[in-house]
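Reviewing the structure listed below.
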Amino acid sequence: MSALKKVDPTSALYEFEDIQLTEKMFTKFAKHMYELAGVDLPFSPKNHALIRNRIVKLLRRHGLKSYEQYWDMVEHGNKEVTSEFISALTTNMTSFYRESNHFEFLAQQLPDLYKKFGTDIRMWCAAASTGQEPYTIAITAHEAMQQVTGMKARLLATDIDLQVLKKATSGVYEEREMQGLPPATRMKYFEKMKKNEVEYWRAKDSIHDMIRFAPFNLMSPKYEFQNKFHVIFCRNVLIYFDEETTKKVVDSLTSCLAPGGYLVLGHSESGNIKHTQLKPLSRAVYQKL
């Protein structure tokens, strides 16, 4: 299928909400999402409702009358269809300074990392979502750079969801999306703009230029980067993986860390991580031995 067909949802003559998602079709969608992105969605009323509610929007978008028709699109579709499917079933919850103790820790450690490695600090935000997290990391690093002469920091921000990655790359946010960012910090690192009478905030070059955005799938068999990272943020992603996938991803992330570097996970994920090369330091923060 060469292109996604879009229709006016008001032209549909049937009720999308009445279309039934069978357990068989649920299993097909869930299995495909697991194969693509490692997201584990075992059959349950909650996960059934999640898949149904999200994919029914795609049925409406394309004017389809059944989940079987959309499965045919997914099964035989192109990269655009796959991207749409992943985006629909990916949960993107983020905000500036979410789990703020991690950024306090980063601010404390950056000068020591610079002294230890004597080079640019290389960081990776492995689940960038719509960008609030990598911009918070960049702000934290920029503040540290102003205090330590000669220190530089670079950040790679990746996500499997191309739609949210596009927004992150733009660095443009509505007022409601700026939640968590102190007013003084907002004025220092973002500029106000207006489009169609709506006000937006856009990241200034001082932090935007520190970040390189790129698509990346944590399910990739190999994480091939030219250099090791000194800090890796991969927060609130592992909660969607099963135990086997979590172990593989943590192994891969650890292999990308320089000895003495830090791996930062989400608060809810810290209790499940056991790795011979990782030493727990504080809540959801680990140092590579």
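Scheme for the structure tokens: letters A, B, ... for chains in order shown; per-chain residue numbers from 1; ligand numbers from 1 in order shown.
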Query - Shell of 9 Å around Leu106 of chain A, only C-alpha atoms, local chain residues under 3 positions omitted, as a PyMOL selection string - result: chain A and resi 101-103+109-110+137+140-141+231
Those same residues, written as a compact mmCIF listing (two decimals), in the first residue's frame with N, CA and C atoms?
```txt
# COMPACT_ATOMS: atom_id res chain seq x y z
N ASN A 101 14.84 14.65 40.96
CA ASN A 101 16.08 14.30 41.66
C ASN A 101 17.16 13.81 40.70
N HIS A 102 16.74 13.28 39.55
CA HIS A 102 17.72 12.80 38.56
C HIS A 102 18.51 13.96 37.95
N PHE A 103 17.87 15.08 37.78
CA PHE A 103 18.56 16.24 37.20
C PHE A 103 19.43 16.93 38.24
N GLN A 109 27.08 15.71 39.24
CA GLN A 109 28.10 14.81 38.71
C GLN A 109 28.82 15.33 37.47
N LEU A 110 28.22 16.23 36.74
CA LEU A 110 28.82 16.69 35.48
C LEU A 110 30.24 17.25 35.64
N ILE A 137 17.65 17.82 30.19
CA ILE A 137 19.04 17.37 30.31
C ILE A 137 19.98 18.43 29.75
N THR A 140 20.24 21.39 32.07
CA THR A 140 21.08 21.03 33.21
C THR A 140 22.56 21.07 32.84
N ALA A 141 22.88 20.54 31.67
CA ALA A 141 24.27 20.53 31.21
C ALA A 141 24.76 21.94 30.89
N VAL A 231 26.70 9.33 30.24
CA VAL A 231 25.40 9.33 30.93
C VAL A 231 24.35 8.83 29.95
```
Report task. Would you mind listing what lies within 6 Å of Ile160 of chain A as a list in words, with only C-alpha atoms counted and same-chain residues fewer than 3 positions away left out? Result -> Pro215, Phe216 and Asn217 of chain A
Query raised in the report: Would you give me, as a count of residues only, the residues in segment 42-196 of chain A that DSSP reads as helix (DSSP H, G or I)?
Result: 92
Find the spatial neighbours of Trp124 of chain A, counting only C-alpha atoms, within a cut-off of 7 Å - ignore same-chain residues fewer than 4 positions away - and output them as a PDB file with C-alpha atoms, in the first residue's frame.
```
ATOM      1  CA  LEU A 155      23.296  14.854  23.791  1.00  0.00           C
ATOM      2  CA  LEU A 156      21.804  12.223  21.508  1.00  0.00           C
ATOM      3  CA  ALA A 157      18.007  12.002  21.818  1.00  0.00           C
ATOM      4  CA  PHE A 229      28.385   7.499  26.601  1.00  0.00           C
ATOM      5  CA  VAL A 231      25.404   9.331  30.925  1.00  0.00           C
ATOM      6  CA  ILE A 232      22.383   7.435  29.612  1.00  0.00           C
ATOM      7  CA  PHE A 233      18.787   8.305  30.487  1.00  0.00           C
TER       8      PHE A 233
END
```
Per residue of segment 68-139 of chain A within 9 Å of segment 40-56 of chain A, what are the shortest atom pair and its distance in Å to one decimal, counting only C-alpha atoms, with rows by chain and residue number, as JSON lines?
```
{"residue": "A:Tyr70", "atom": "CA", "partner": "A:Ile55", "partner_atom": "CA", "distance": 8.5}
{"residue": "A:Phe85", "atom": "CA", "partner": "A:Ile55", "partner_atom": "CA", "distance": 8.0}
{"residue": "A:Ala88", "atom": "CA", "partner": "A:Arg54", "partner_atom": "CA", "distance": 5.9}
{"residue": "A:Leu89", "atom": "CA", "partner": "A:Arg54", "partner_atom": "CA", "distance": 6.7}
```
Report task. Might you pull out every residue within 12 Å of Glu35 of chain A, with only C-alpha atoms counted and same-chain residues fewer than 3 positions away left off, and present them as a list in words? Result ->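 After dropping sequence-adjacent residues, the list is Lys28, Phe29, Ala30, Lys31, His32, Gly38, Val39, Asp40, Leu41, Thr82, Ile86, Asn217, Leu218, Met219, Ser220, Phe241 and Thr245 of chain A.
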**Report entry** Top pick for closest residue to Arg212 of chain A, considering A:Glu199, A:Asp159, A:Glu175, A:Glu191 and counting only C-alpha atoms
**Finding:**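 Closest to Arg212 of chain A, using only C-alpha atoms: A:Asp159.
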Report task. Just the residues within 7 Å of Arg235 of chain A, please, counting only C-alpha atoms, with nothing from its chain fewer than 2 positions along; format it as a PyMOL selection string. Result -> chain A and resi 233+237+264-266
Requested in this report: If you run DSSP over the backbone, which residues in segment 26-221 of chain A end up strand (DSSP E or B)? Put them as a ChimeraX atom specification.
Outcome: /A:121-125,153-159,172-174,190-195,198-203,211-215
Next, the residues of the selection above should be written as an mmCIF file, in the first residue's frame with C-alpha atoms.
```cif
data_model
loop_
_atom_site.group_PDB
_atom_site.id
_atom_site.type_symbol
_atom_site.label_atom_id
_atom_site.label_comp_id
_atom_site.auth_asym_id
_atom_site.auth_seq_id
_atom_site.Cartn_x
_atom_site.Cartn_y
_atom_site.Cartn_z
ATOM 1 C CA ILE A 121 30.521 14.807 28.068
ATOM 2 C CA ARG A 122 28.508 12.459 25.851
ATOM 3 C CA MET A 123 24.931 11.782 26.940
ATOM 4 C CA TRP A 124 22.068 9.785 25.479
ATOM 5 C CA CYS A 125 18.349 10.154 26.146
ATOM 6 C CA ALA A 153 28.355 18.436 26.594
ATOM 7 C CA ARG A 154 26.546 16.766 23.730
ATOM 8 C CA LEU A 155 23.296 14.854 23.791
ATOM 9 C CA LEU A 156 21.804 12.223 21.508
ATOM 10 C CA ALA A 157 18.007 12.002 21.818
ATOM 11 C CA THR A 158 16.243 9.013 20.251
ATOM 12 C CA ASP A 159 12.798 7.458 20.111
ATOM 13 C CA VAL A 172 8.094 24.026 19.995
ATOM 14 C CA TYR A 173 5.555 23.659 22.804
ATOM 15 C CA GLU A 174 2.185 25.015 23.821
ATOM 16 C CA PHE A 190 12.849 29.388 25.426
ATOM 17 C CA GLU A 191 11.440 32.230 23.350
ATOM 18 C CA LYS A 192 7.764 33.051 22.967
ATOM 19 C CA MET A 193 6.257 32.957 19.493
ATOM 20 C CA LYS A 194 2.746 33.299 18.111
ATOM 21 C CA LYS A 195 1.062 31.430 15.267
ATOM 22 C CA VAL A 198 -1.867 30.932 19.601
ATOM 23 C CA GLU A 199 1.234 31.420 21.737
ATOM 24 C CA TYR A 200 4.007 28.858 21.693
ATOM 25 C CA TRP A 201 7.424 28.470 23.267
ATOM 26 C CA ARG A 202 10.448 27.501 21.166
ATOM 27 C CA ALA A 203 13.761 26.188 22.483
ATOM 28 C CA ILE A 211 20.989 17.886 20.939
ATOM 29 C CA ARG A 212 21.025 15.559 17.943
ATOM 30 C CA PHE A 213 17.682 13.848 17.357
ATOM 31 C CA ALA A 214 17.495 10.475 15.619
ATOM 32 C CA PRO A 215 15.156 7.458 15.420
#
```
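By chain and then residue number, the residues within 9 Å of His275 of chain A are Lys247, Val250, Asp251, Thr254 and Lys279 of chain A, counting only C-alpha atoms and disregarding those fewer than 4 positions away in sequence.
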Export, as a PDB file, in the first residue's frame, the selected residues with C-alpha atoms.
```pdb
ATOM      1  CA  LYS A 247      17.401  -7.809  30.591  1.00  0.00           C
ATOM      2  CA  VAL A 250      19.739  -3.169  30.124  1.00  0.00           C
ATOM      3  CA  ASP A 251      22.634  -5.316  28.849  1.00  0.00           C
ATOM      4  CA  THR A 254      25.306  -0.978  29.843  1.00  0.00           C
ATOM      5  CA  LYS A 279      26.263  -0.450  41.040  1.00  0.00           C
TER       6      LYS A 279
END
```
Query - For atom CA of Ala37 of chain A and atom CA of Lys79 of chain A, the interatomic separation in Å (one decimal) - result: 14.1 Å
Report summary line: Atom pair atom CA of Tyr67 of chain A + atom CA of Ser83 of chain A, distance 17.4 Å
Report task. Work out how far apart atom CA of Asn196 of chain A and atom CA of Glu133 of chain A are and give it in Å to one decimal. Result ->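 Straight-line distance from atom CA of Asn196 of chain A to atom CA of Glu133 of chain A works out to 27.2 Å.
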Requested in this report: Find the residue from A:Ala258, A:Ala128, A:Met178, A:Met187 that sits nearest to Gln163 of chain A; use only C-alpha atoms when measuring.
Outcome: A:Ala128
